[in-house]
file model-v5.cif (mmCIF, C-alpha atoms)
data_model
#
loop_
_atom_site.label_atom_id
_atom_site.label_comp_id
_atom_site.auth_asym_id
_atom_site.auth_seq_id
_atom_site.Cartn_x
_atom_site.Cartn_y
_atom_site.Cartn_z
CA MET A 1 3.57 6.56 -24.28
CA SER A 2 6.41 4.54 -22.84
CA ASP A 3 8.13 4.49 -19.47
CA THR A 4 11.08 6.79 -19.00
CA GLU A 5 13.57 5.61 -16.42
CA ILE A 6 14.13 8.37 -13.85
CA SER A 7 15.60 8.93 -10.42
CA PHE A 8 14.94 11.46 -7.69
CA GLN A 9 16.43 12.18 -4.32
CA SER A 10 14.84 11.78 -0.90
CA GLY A 11 17.23 12.61 1.90
CA ASP A 12 20.29 10.42 1.43
CA VAL A 13 18.48 7.95 -0.82
CA THR A 14 18.32 7.93 -4.62
CA LEU A 15 15.03 6.37 -5.69
CA TYR A 16 14.59 4.89 -9.16
CA GLY A 17 11.32 4.82 -11.01
CA SER A 18 9.28 4.94 -14.19
CA LEU A 19 7.69 8.13 -15.48
CA ARG A 20 4.96 8.28 -18.13
CA LEU A 21 4.13 11.70 -19.52
CA ALA A 22 0.85 11.86 -21.40
CA ALA A 23 0.33 15.53 -22.19
CA SER A 24 2.24 18.10 -24.16
CA PRO A 25 3.96 20.90 -22.22
CA ASP A 26 1.45 23.33 -23.74
CA SER A 27 -1.52 21.43 -22.34
CA PRO A 28 -1.00 20.66 -18.63
CA ALA A 29 -3.00 17.66 -17.43
CA PRO A 30 -3.53 15.71 -14.20
CA ALA A 31 -0.92 13.22 -13.05
CA ALA A 32 -0.82 10.41 -10.50
CA LEU A 33 1.76 9.16 -8.06
CA ILE A 34 1.41 5.38 -7.66
CA LEU A 35 2.52 3.88 -4.32
CA ALA A 36 3.40 0.27 -3.56
CA GLY A 37 2.37 -1.71 -0.51
CA SER A 38 4.49 -3.23 2.23
CA GLY A 39 7.59 -5.40 2.01
CA PRO A 40 10.03 -5.51 -0.91
CA THR A 41 7.34 -4.50 -3.43
CA ASP A 42 8.75 -2.62 -6.41
CA ARG A 43 7.43 0.00 -8.81
CA ASN A 44 5.46 -2.60 -10.79
CA GLY A 45 3.89 -4.27 -7.77
CA ASP A 46 6.23 -7.27 -7.97
CA SER A 47 7.70 -8.68 -4.78
CA ALA A 48 11.13 -10.12 -4.10
CA LEU A 49 9.34 -12.65 -1.88
CA LEU A 50 7.28 -14.09 -4.74
CA GLU A 51 8.80 -15.46 -7.92
CA GLY A 52 6.75 -14.34 -10.90
CA ASP A 53 4.92 -11.38 -12.38
CA ILE A 54 2.35 -9.55 -10.28
CA GLY A 55 2.34 -6.22 -12.10
CA THR A 56 -0.51 -4.48 -10.26
CA LEU A 57 1.08 -1.03 -10.28
CA ARG A 58 2.09 -1.31 -13.93
CA PHE A 59 -1.55 -2.21 -14.65
CA ILE A 60 -2.66 0.96 -12.83
CA ALA A 61 -0.24 3.02 -14.94
CA ASP A 62 -1.70 1.42 -18.08
CA LEU A 63 -5.25 2.35 -17.05
CA LEU A 64 -4.16 5.92 -16.39
CA GLU A 65 -2.32 6.13 -19.70
CA ASN A 66 -5.50 5.10 -21.51
CA GLN A 67 -7.17 8.16 -19.99
CA GLY A 68 -4.32 10.48 -20.94
CA ILE A 69 -3.03 10.70 -17.36
CA SER A 70 0.68 10.94 -16.59
CA SER A 71 2.06 8.82 -13.76
CA LEU A 72 5.11 8.13 -11.66
CA ARG A 73 5.81 4.87 -9.87
CA TYR A 74 9.09 4.06 -8.16
CA ASP A 75 11.06 1.43 -6.29
CA LYS A 76 10.75 2.40 -2.66
CA LEU A 77 13.64 1.85 -0.26
CA GLY A 78 14.26 -1.89 0.07
CA SER A 79 12.91 -2.82 -3.35
CA GLY A 80 13.92 -3.02 -6.98
CA GLU A 81 16.72 -0.87 -8.34
CA THR A 82 16.62 1.43 -5.32
CA ALA A 83 17.43 -1.49 -3.00
CA LEU A 84 18.95 -0.23 0.28
CA GLY A 85 20.75 2.71 -1.27
CA ASP A 86 23.82 3.51 0.79
CA TYR A 87 22.37 1.88 3.89
CA GLU A 88 23.57 -1.37 5.38
CA ILE A 89 21.22 -4.06 6.68
CA GLU A 90 22.02 -3.12 10.28
CA ASP A 91 20.92 0.49 9.58
CA ILE A 92 17.35 -0.49 8.71
CA ALA A 93 16.21 -0.52 12.35
CA ASP A 94 16.88 3.24 12.47
CA LEU A 95 14.58 3.93 9.53
CA GLY A 96 10.92 4.35 10.35
CA PHE A 97 7.72 4.45 8.34
CA ASN A 98 8.14 8.21 7.92
CA THR A 99 11.09 7.45 5.63
CA PHE A 100 8.57 6.09 3.11
CA VAL A 101 6.21 9.03 3.57
CA ASP A 102 9.06 11.48 2.98
CA ALA A 103 10.07 9.60 -0.18
CA ALA A 104 6.51 9.76 -1.51
CA SER A 105 6.37 13.47 -0.78
CA ASP A 106 9.60 14.02 -2.72
CA GLY A 107 8.22 11.86 -5.54
CA LEU A 108 5.11 14.02 -5.68
CA ASP A 109 7.28 17.14 -5.93
CA TYR A 110 9.28 15.53 -8.72
CA LEU A 111 6.11 14.66 -10.61
CA ALA A 112 4.71 18.18 -10.16
CA GLY A 113 7.78 19.62 -11.86
CA GLN A 114 7.48 17.60 -15.06
CA PRO A 115 6.49 19.24 -18.36
CA GLY A 116 2.81 18.80 -19.15
CA VAL A 117 1.86 18.05 -15.54
CA ASP A 118 -0.64 20.36 -13.88
CA PRO A 119 0.67 20.79 -10.30
CA GLU A 120 -2.83 21.78 -9.21
CA ARG A 121 -4.25 18.42 -10.30
CA LEU A 122 -2.07 15.80 -8.66
CA PHE A 123 -3.61 12.66 -7.25
CA VAL A 124 -2.21 9.67 -5.41
CA VAL A 125 -3.00 5.99 -5.90
CA GLY A 126 -1.93 3.80 -2.98
CA HIS A 127 -2.20 0.01 -2.84
CA SER A 128 -2.37 -1.76 0.55
CA ASP A 129 0.10 -0.02 2.90
CA GLY A 130 0.64 2.49 0.11
CA ALA A 131 -2.84 3.76 0.92
CA VAL A 132 -1.63 4.79 4.40
CA VAL A 133 1.30 6.63 2.82
CA ALA A 134 -1.18 8.33 0.47
CA LEU A 135 -3.34 9.40 3.41
CA ALA A 136 -0.32 10.70 5.29
CA LEU A 137 0.57 12.82 2.26
CA ALA A 138 -2.94 14.15 1.82
CA THR A 139 -3.34 15.12 5.47
CA ALA A 140 0.13 16.64 5.97
CA LYS A 141 0.69 20.40 6.08
CA GLU A 142 1.49 20.25 2.38
CA GLY A 143 -1.57 18.08 1.73
CA THR A 144 -3.18 20.67 -0.50
CA ARG A 145 -0.92 19.31 -3.26
CA VAL A 146 -3.15 16.22 -3.37
CA SER A 147 -6.41 16.78 -5.22
CA ALA A 148 -7.76 13.19 -5.20
CA LEU A 149 -7.01 9.80 -3.66
CA ALA A 150 -7.43 6.19 -4.71
CA LEU A 151 -7.08 3.74 -1.81
CA LEU A 152 -6.83 0.26 -3.31
CA GLU A 153 -7.22 -2.76 -1.02
CA PRO A 154 -6.27 -0.32 1.73
CA LEU A 155 -5.02 -0.93 5.22
CA SER A 156 -8.17 0.35 6.95
CA VAL A 157 -7.35 -0.14 10.63
CA ARG A 158 -4.23 0.46 12.67
CA LEU A 159 -1.44 -1.81 11.48
CA LEU A 160 -0.99 -3.79 14.71
CA ASP A 161 -4.74 -4.34 14.99
CA LEU A 162 -4.74 -5.90 11.52
CA LEU A 163 -1.65 -7.97 12.31
CA THR A 164 -3.33 -9.21 15.50
CA THR A 165 -6.47 -10.21 13.59
CA GLN A 166 -4.44 -12.04 10.94
CA ILE A 167 -2.35 -13.96 13.48
CA HIS A 168 -5.40 -14.93 15.52
CA ARG A 169 -7.03 -16.28 12.36
CA GLN A 170 -3.92 -18.29 11.52
CA LEU A 171 -3.81 -19.70 15.05
CA ASP A 172 -7.49 -20.61 14.89
CA ALA A 173 -6.87 -22.45 11.62
CA VAL A 174 -3.90 -24.52 12.81
CA VAL A 175 -5.58 -25.34 16.12
CA GLY A 176 -8.74 -26.35 14.28
CA ALA A 177 -6.68 -28.60 12.00
CA GLY A 178 -5.06 -30.27 14.99
CA GLN A 179 -1.62 -28.93 14.02
CA LEU A 180 -1.04 -26.90 17.19
CA PRO A 181 -2.11 -27.54 20.81
CA VAL A 182 -4.53 -25.00 22.24
CA GLU A 183 -2.12 -24.25 25.08
CA LEU A 184 0.69 -23.24 22.72
CA ALA A 185 -1.69 -21.12 20.66
CA ASP A 186 -2.79 -19.32 23.82
CA GLU A 187 0.85 -18.65 24.74
CA LEU A 188 1.38 -17.08 21.30
CA ARG A 189 -1.73 -14.93 21.73
CA VAL A 190 -0.45 -13.60 25.07
CA ALA A 191 3.02 -12.94 23.64
CA LEU A 192 1.45 -11.12 20.69
CA ALA A 193 -0.60 -8.89 22.99
CA ASP A 194 2.56 -8.09 24.97
CA ALA A 195 4.42 -7.22 21.76
CA VAL A 196 1.66 -4.88 20.60
CA GLU A 197 1.61 -3.14 23.98
CA SER A 198 5.40 -2.77 23.93
CA LEU A 199 5.39 -1.32 20.42
CA ARG A 200 2.64 1.16 21.27
CA SER A 201 4.06 2.27 24.60
CA GLU A 202 7.82 2.09 24.02
CA GLY A 203 8.35 1.52 20.30
CA THR A 204 10.19 -1.75 20.91
CA VAL A 205 9.51 -5.49 20.76
CA PRO A 206 10.31 -7.88 23.63
CA ASP A 207 13.59 -9.78 23.38
CA ASP A 208 12.03 -13.19 23.96
CA LEU A 209 9.25 -13.28 21.37
CA PRO A 210 8.47 -16.79 20.11
CA GLU A 211 9.86 -17.60 16.66
CA PRO A 212 6.43 -17.69 14.91
CA LEU A 213 5.85 -14.05 15.91
CA GLN A 214 9.32 -13.05 14.78
CA ASN A 215 8.58 -14.72 11.44
CA ALA A 216 5.52 -12.47 11.20
CA GLY A 217 7.82 -9.43 11.24
CA LEU A 218 7.81 -8.62 14.95
CA VAL A 219 11.56 -8.10 15.21
CA HIS A 220 13.81 -5.27 16.37
CA ALA A 221 14.74 -4.28 12.82
CA ASN A 222 11.08 -3.51 12.07
CA ALA A 223 10.12 -1.99 15.43
CA LYS A 224 10.44 1.70 14.54
CA ALA A 225 8.59 1.33 11.24
CA LEU A 226 5.84 -0.77 12.86
CA ALA A 227 5.34 1.70 15.70
CA GLU A 228 5.27 4.74 13.40
CA GLU A 229 2.81 3.19 10.96
CA ASP A 230 0.60 1.85 13.73
CA ALA A 231 0.35 5.38 15.14
CA LEU A 232 -1.48 6.35 11.93
CA ASP A 233 -5.14 5.41 12.25
CA PRO A 234 -6.61 5.32 8.71
CA VAL A 235 -10.11 6.18 9.96
CA ALA A 236 -8.80 9.28 11.75
CA LEU A 237 -6.76 10.26 8.71
CA VAL A 238 -9.66 10.06 6.26
CA ALA A 239 -11.79 12.14 8.61
CA ALA A 240 -9.24 14.94 8.15
CA LEU A 241 -9.51 14.97 4.35
CA PRO A 242 -11.13 18.04 2.76
CA ALA A 243 -14.88 17.91 2.21
CA GLY A 244 -15.75 17.00 -1.34
CA MET A 245 -12.35 15.53 -2.26
CA PRO A 246 -12.69 12.78 -4.89
CA VAL A 247 -11.77 9.51 -3.15
CA LEU A 248 -12.00 5.93 -4.39
CA THR A 249 -11.75 2.81 -2.23
CA SER A 250 -11.68 -0.77 -3.44
CA CYS A 251 -11.88 -4.20 -1.88
CA SER A 252 -12.99 -7.68 -2.87
CA ASP A 253 -14.81 -10.58 -1.27
CA LYS A 254 -11.87 -12.82 -2.27
CA ASP A 255 -9.12 -10.65 -0.85
CA ILE A 256 -7.35 -12.72 1.82
CA GLN A 257 -5.40 -9.75 3.23
CA VAL A 258 -7.97 -6.97 3.54
CA ILE A 259 -11.22 -7.34 5.48
CA PRO A 260 -14.22 -5.82 3.63
CA SER A 261 -15.91 -4.78 6.89
CA ASP A 262 -12.82 -2.73 7.78
CA VAL A 263 -13.00 -0.96 4.41
CA ALA A 264 -16.72 -0.36 5.01
CA ALA A 265 -15.83 1.42 8.26
CA LEU A 266 -13.30 3.50 6.34
CA ASP A 267 -16.00 4.37 3.80
CA ALA A 268 -18.28 5.53 6.61
CA ALA A 269 -15.58 7.93 7.78
CA LEU A 270 -15.28 9.19 4.18
CA SER A 271 -18.92 10.30 3.99
CA HIS A 272 -17.89 13.96 3.74
CA THR A 273 -15.85 13.30 0.58
CA ALA A 274 -16.94 12.57 -2.99
CA LEU A 275 -16.56 8.83 -2.44
CA THR A 276 -16.58 6.09 -5.05
CA SER A 277 -16.68 2.68 -3.38
CA VAL A 278 -15.62 -0.22 -5.62
CA ARG A 279 -16.71 -3.63 -4.33
CA MET A 280 -15.53 -6.67 -6.27
CA ARG A 281 -16.48 -10.33 -6.14
CA ASN A 282 -13.76 -12.16 -8.07
CA ALA A 283 -10.63 -10.03 -7.68
CA ASN A 284 -7.75 -11.04 -5.44
CA PHE A 285 -5.53 -8.73 -3.40
CA VAL A 286 -3.40 -7.79 -6.40
CA LEU A 287 -6.46 -7.05 -8.58
CA LYS A 288 -6.28 -10.18 -10.73
CA ASP A 289 -9.51 -11.93 -11.67
CA ILE A 290 -9.54 -15.41 -10.13
CA GLY A 291 -13.08 -16.29 -11.25
CA GLU A 292 -14.85 -18.77 -9.02
CA GLU A 293 -11.63 -19.96 -7.37
CA GLN A 294 -10.58 -18.97 -3.86
CA SER A 295 -7.40 -16.97 -3.41
CA THR A 296 -4.46 -18.73 -1.78
CA GLY A 297 -1.71 -16.20 -2.49
CA ALA A 298 -0.22 -18.39 -5.21
CA ASP A 299 -2.65 -16.72 -7.62
CA TYR A 300 -0.82 -13.40 -7.15
CA VAL A 301 1.84 -14.48 -9.66
CA ALA A 302 -0.42 -16.59 -11.87
CA PRO A 303 -0.87 -15.40 -15.51
CA LEU A 304 -4.42 -14.20 -14.91
CA PRO A 305 -6.24 -11.19 -16.39
CA TYR A 306 -6.57 -8.08 -14.29
CA SER A 307 -10.00 -7.40 -12.90
CA ALA A 308 -12.58 -5.67 -15.10
CA GLU A 309 -14.60 -5.30 -11.88
CA PHE A 310 -11.88 -2.87 -10.85
CA ALA A 311 -10.74 -1.39 -14.16
CA GLU A 312 -14.12 -0.12 -15.31
CA PRO A 313 -15.15 1.87 -12.20
CA PHE A 314 -11.60 3.08 -11.62
CA THR A 315 -11.42 4.40 -15.19
CA ALA A 316 -14.81 6.09 -14.79
CA TRP A 317 -13.65 7.67 -11.54
CA VAL A 318 -10.49 9.06 -13.13
CA ARG A 319 -12.50 10.39 -16.06
CA SER A 320 -14.97 12.12 -13.72
CA PHE A 321 -12.47 14.63 -12.36
CA SER A 322 -9.78 14.77 -15.04
#
call {"tool": "encode", "arguments": {"input": "model-v5.cif", "output": "structure tokens"}}
result
Amino acid sequence: MSDTEISFQSGDVTLYGSLRLAASPDSPAPAALILAGSGPTDRNGDSALLEGDIGTLRFIADLLENQGISSLRYDKLGSGETALGDYEIEDIADLGFNTFVDAASDGLDYLAGQPGVDPERLFVVGHSDGAVVALALATAKEGTRVSALALLEPLSVRLLDLLTTQIHRQLDAVVGAGQLPVELADELRVALADAVESLRSEGTVPDDLPEPLQNAGLVHANAKALAEEDALDPVALVAALPAGMPVLTSCSDKDIQVIPSDVAALDAALSHTALTSVRMRNANFVLKDIGEEQSTGADYVAPLPYSAEFAEPFTAWVRSFS
């Protein structure tokens, strides 16, 4: 099957995407909504911030196609053909994380209405931040539409907790390399703690944040989205999933963005579900096989094969309930 270019509406935004229909209208089959992670990541998993082909979400669609599963992936607001829609740059501060959840919900409705799609067997595949969107869908009032979840390299703790951990690690590294005085690093740590407190208590960021923290995304334009996403605790969300729901999680030892111990804690909270836990050794964050090398981020766009460590168990998981 080939991609069909489609569009659907979510509020005032027209979202553009790619639909693959595997089954005939006379034989309804399961279908998957595929959700991208954070930033300007498009329907294929490519990022406007990285020059080159990543293709993770297209790879997922290929795996599903091989199992006869229909799929929809789309350019979320701020990416790809969808871009900013009718919004202006200055309007972005008024749009929160719920904008992305609403879009995914409308995408799921669009997918459910396609010929050959069984609306009783819809599942959601979320990569990185897309996993939080997937969880929000599955635990919403209309969550019964979601029959299974795949949480790939998922955000497994509250967003600002992860951001704090990542920034502390970066500060430790530059201090250890003699590139930043300890005193300045400590000032950044205090400013970061103040920013997190402000976002959680008031939904705003301080006006005088140091430039390195602003470069990490702690700016007014992102404040509403950061606060709304941080309010969603992945561990609490998975605890609210129905007992016995098929769920898959994945992470890798070489992922430089997701901490395996955090995913392990998420798995523990998923003990009441039918959990498949995929643990990889040589895959990077975007599910490419980097062999014995260490991931640096540059490997995201390198012409590397996608991970068989992921593809094989993911395919078996899909086959088990479809």
call {"tool": "closest_atom_pairs", "arguments": {"input": "model-v5.cif", "of": "segment 16-87 of chain A", "to": "segment 154-165 of chain A", "cutoff": "12 Å", "atoms": "only C-alpha atoms", "output": "tab-separated table"}}
result
residue	atom	partner	partner_atom	distance
A:Leu35	CA	A:Pro154	CA	11.5
A:Ala36	CA	A:Pro154	CA	11.0
A:Gly37	CA	A:Pro154	CA	9.0
A:Ser38	CA	A:Leu155	CA	10.2
call {"tool": "atom_distance", "arguments": {"input": "model-v5.cif", "atom1": "atom CA of Lys76 of chain A", "atom2": "atom CA of His220 of chain A"}}
result
20.7 Å
call {"tool": "residues_around", "arguments": {"input": "model-v5.cif", "residues": "Ile54 of chain A", "least_positions_apart": "3", "cutoff": "12 Å", "atoms": "all atoms listed in the file", "output": "count of residues only"}}
result
31
call {"tool": "closest_residue", "arguments": {"input": "model-v5.cif", "among": "A:Pro260, A:Gly178, A:Pro115, A:Gly17", "to": "Ser277 of chain A", "atoms": "all atoms listed in the file"}}
result
A:Pro260
call {"tool": "resolve_selection", "arguments": {"input": "model-v5.cif", "expression": "the PyMOL selection byres ((chain A and resi 266) around 12)", "output": "MDAnalysis selection string"}}
result
chainID A and resid 131:132 135 151 153:158 233:239 247:251 259:265 267:273 275 277
call {"tool": "resolve_selection", "arguments": {"input": "model-v5.cif", "expression": "the PyMOL selection byres ((chain A and resi 9) around 12)", "output": "short mmCIF file (atom, residue, chain, number, x, y, z; two decimals) with C-alpha atoms, in the frame of the given file"}}
result
data_model
loop_
_atom_site.label_atom_id
_atom_site.label_comp_id
_atom_site.auth_asym_id
_atom_site.auth_seq_id
_atom_site.Cartn_x
_atom_site.Cartn_y
_atom_site.Cartn_z
CA ILE A 6 14.13 8.37 -13.85
CA SER A 7 15.60 8.93 -10.42
CA PHE A 8 14.94 11.46 -7.69
CA SER A 10 14.84 11.78 -0.90
CA GLY A 11 17.23 12.61 1.90
CA ASP A 12 20.29 10.42 1.43
CA VAL A 13 18.48 7.95 -0.82
CA THR A 14 18.32 7.93 -4.62
CA LEU A 15 15.03 6.37 -5.69
CA TYR A 16 14.59 4.89 -9.16
CA GLY A 17 11.32 4.82 -11.01
CA TYR A 74 9.09 4.06 -8.16
CA LYS A 76 10.75 2.40 -2.66
CA LEU A 77 13.64 1.85 -0.26
CA THR A 82 16.62 1.43 -5.32
CA GLY A 85 20.75 2.71 -1.27
CA ASP A 102 9.06 11.48 2.98
CA ALA A 103 10.07 9.60 -0.18
CA ALA A 104 6.51 9.76 -1.51
CA SER A 105 6.37 13.47 -0.78
CA ASP A 106 9.60 14.02 -2.72
CA GLY A 107 8.22 11.86 -5.54
CA LEU A 108 5.11 14.02 -5.68
CA ASP A 109 7.28 17.14 -5.93
CA TYR A 110 9.28 15.53 -8.72
#
call {"tool": "atom_distance", "arguments": {"input": "model-v5.cif", "atom1": "atom CA of Gly130 of chain A", "atom2": "atom CA of Val101 of chain A"}}
result
9.3 Å
call {"tool": "build_atoms", "arguments": {"input": "model-v5.cif", "residues": "segment 210-223 of chain A", "atoms": "N, CA, C and O atoms", "output": "PDB file, in the frame of the given file"}}
result
ATOM      1  N   PRO A 210       8.394 -15.480  20.756  1.00  0.00           N
ATOM      2  CA  PRO A 210       8.470 -16.790  20.110  1.00  0.00           C
ATOM      3  C   PRO A 210       8.765 -16.643  18.611  1.00  0.00           C
ATOM      4  O   PRO A 210       8.373 -15.664  17.979  1.00  0.00           O
ATOM      5  N   GLU A 211       9.426 -17.644  18.067  1.00  0.00           N
ATOM      6  CA  GLU A 211       9.860 -17.600  16.660  1.00  0.00           C
ATOM      7  C   GLU A 211       8.708 -17.354  15.682  1.00  0.00           C
ATOM      8  O   GLU A 211       8.880 -16.588  14.724  1.00  0.00           O
ATOM      9  N   PRO A 212       7.515 -17.959  15.865  1.00  0.00           N
ATOM     10  CA  PRO A 212       6.430 -17.690  14.910  1.00  0.00           C
ATOM     11  C   PRO A 212       6.072 -16.207  14.817  1.00  0.00           C
ATOM     12  O   PRO A 212       5.713 -15.716  13.738  1.00  0.00           O
ATOM     13  N   LEU A 213       6.157 -15.482  15.933  1.00  0.00           N
ATOM     14  CA  LEU A 213       5.850 -14.050  15.910  1.00  0.00           C
ATOM     15  C   LEU A 213       6.981 -13.262  15.261  1.00  0.00           C
ATOM     16  O   LEU A 213       6.741 -12.271  14.558  1.00  0.00           O
ATOM     17  N   GLN A 214       8.208 -13.691  15.472  1.00  0.00           N
ATOM     18  CA  GLN A 214       9.320 -13.050  14.780  1.00  0.00           C
ATOM     19  C   GLN A 214       9.192 -13.255  13.270  1.00  0.00           C
ATOM     20  O   GLN A 214       9.468 -12.336  12.484  1.00  0.00           O
ATOM     21  N   ASN A 215       8.763 -14.444  12.865  1.00  0.00           N
ATOM     22  CA  ASN A 215       8.580 -14.720  11.440  1.00  0.00           C
ATOM     23  C   ASN A 215       7.475 -13.857  10.828  1.00  0.00           C
ATOM     24  O   ASN A 215       7.449 -13.652   9.607  1.00  0.00           O
ATOM     25  N   ALA A 216       6.577 -13.364  11.669  1.00  0.00           N
ATOM     26  CA  ALA A 216       5.520 -12.470  11.200  1.00  0.00           C
ATOM     27  C   ALA A 216       5.980 -11.026  11.111  1.00  0.00           C
ATOM     28  O   ALA A 216       5.182 -10.136  10.792  1.00  0.00           O
ATOM     29  N   GLY A 217       7.264 -10.775  11.384  1.00  0.00           N
ATOM     30  CA  GLY A 217       7.820  -9.430  11.240  1.00  0.00           C
ATOM     31  C   GLY A 217       8.009  -8.674  12.529  1.00  0.00           C
ATOM     32  O   GLY A 217       8.455  -7.514  12.514  1.00  0.00           O
ATOM     33  N   LEU A 218       7.665  -9.303  13.662  1.00  0.00           N
ATOM     34  CA  LEU A 218       7.810  -8.620  14.950  1.00  0.00           C
ATOM     35  C   LEU A 218       9.238  -8.803  15.463  1.00  0.00           C
ATOM     36  O   LEU A 218       9.514  -9.597  16.362  1.00  0.00           O
ATOM     37  N   VAL A 219      10.139  -8.036  14.866  1.00  0.00           N
ATOM     38  CA  VAL A 219      11.560  -8.100  15.210  1.00  0.00           C
ATOM     39  C   VAL A 219      12.086  -6.681  15.403  1.00  0.00           C
ATOM     40  O   VAL A 219      11.473  -5.703  14.973  1.00  0.00           O
ATOM     41  N   HIS A 220      13.247  -6.585  16.048  1.00  0.00           N
ATOM     42  CA  HIS A 220      13.810  -5.270  16.370  1.00  0.00           C
ATOM     43  C   HIS A 220      14.023  -4.416  15.129  1.00  0.00           C
ATOM     44  O   HIS A 220      13.816  -3.198  15.148  1.00  0.00           O
ATOM     45  N   ALA A 221      14.450  -5.046  14.034  1.00  0.00           N
ATOM     46  CA  ALA A 221      14.740  -4.280  12.820  1.00  0.00           C
ATOM     47  C   ALA A 221      13.504  -3.581  12.265  1.00  0.00           C
ATOM     48  O   ALA A 221      13.613  -2.570  11.564  1.00  0.00           O
ATOM     49  N   ASN A 222      12.322  -4.099  12.583  1.00  0.00           N
ATOM     50  CA  ASN A 222      11.080  -3.510  12.070  1.00  0.00           C
ATOM     51  C   ASN A 222      10.373  -2.635  13.105  1.00  0.00           C
ATOM     52  O   ASN A 222       9.348  -2.019  12.787  1.00  0.00           O
ATOM     53  N   ALA A 223      10.890  -2.585  14.329  1.00  0.00           N
ATOM     54  CA  ALA A 223      10.120  -1.990  15.430  1.00  0.00           C
ATOM     55  C   ALA A 223       9.758  -0.524  15.166  1.00  0.00           C
ATOM     56  O   ALA A 223       8.603  -0.116  15.353  1.00  0.00           O
TER      57      ALA A 223
END
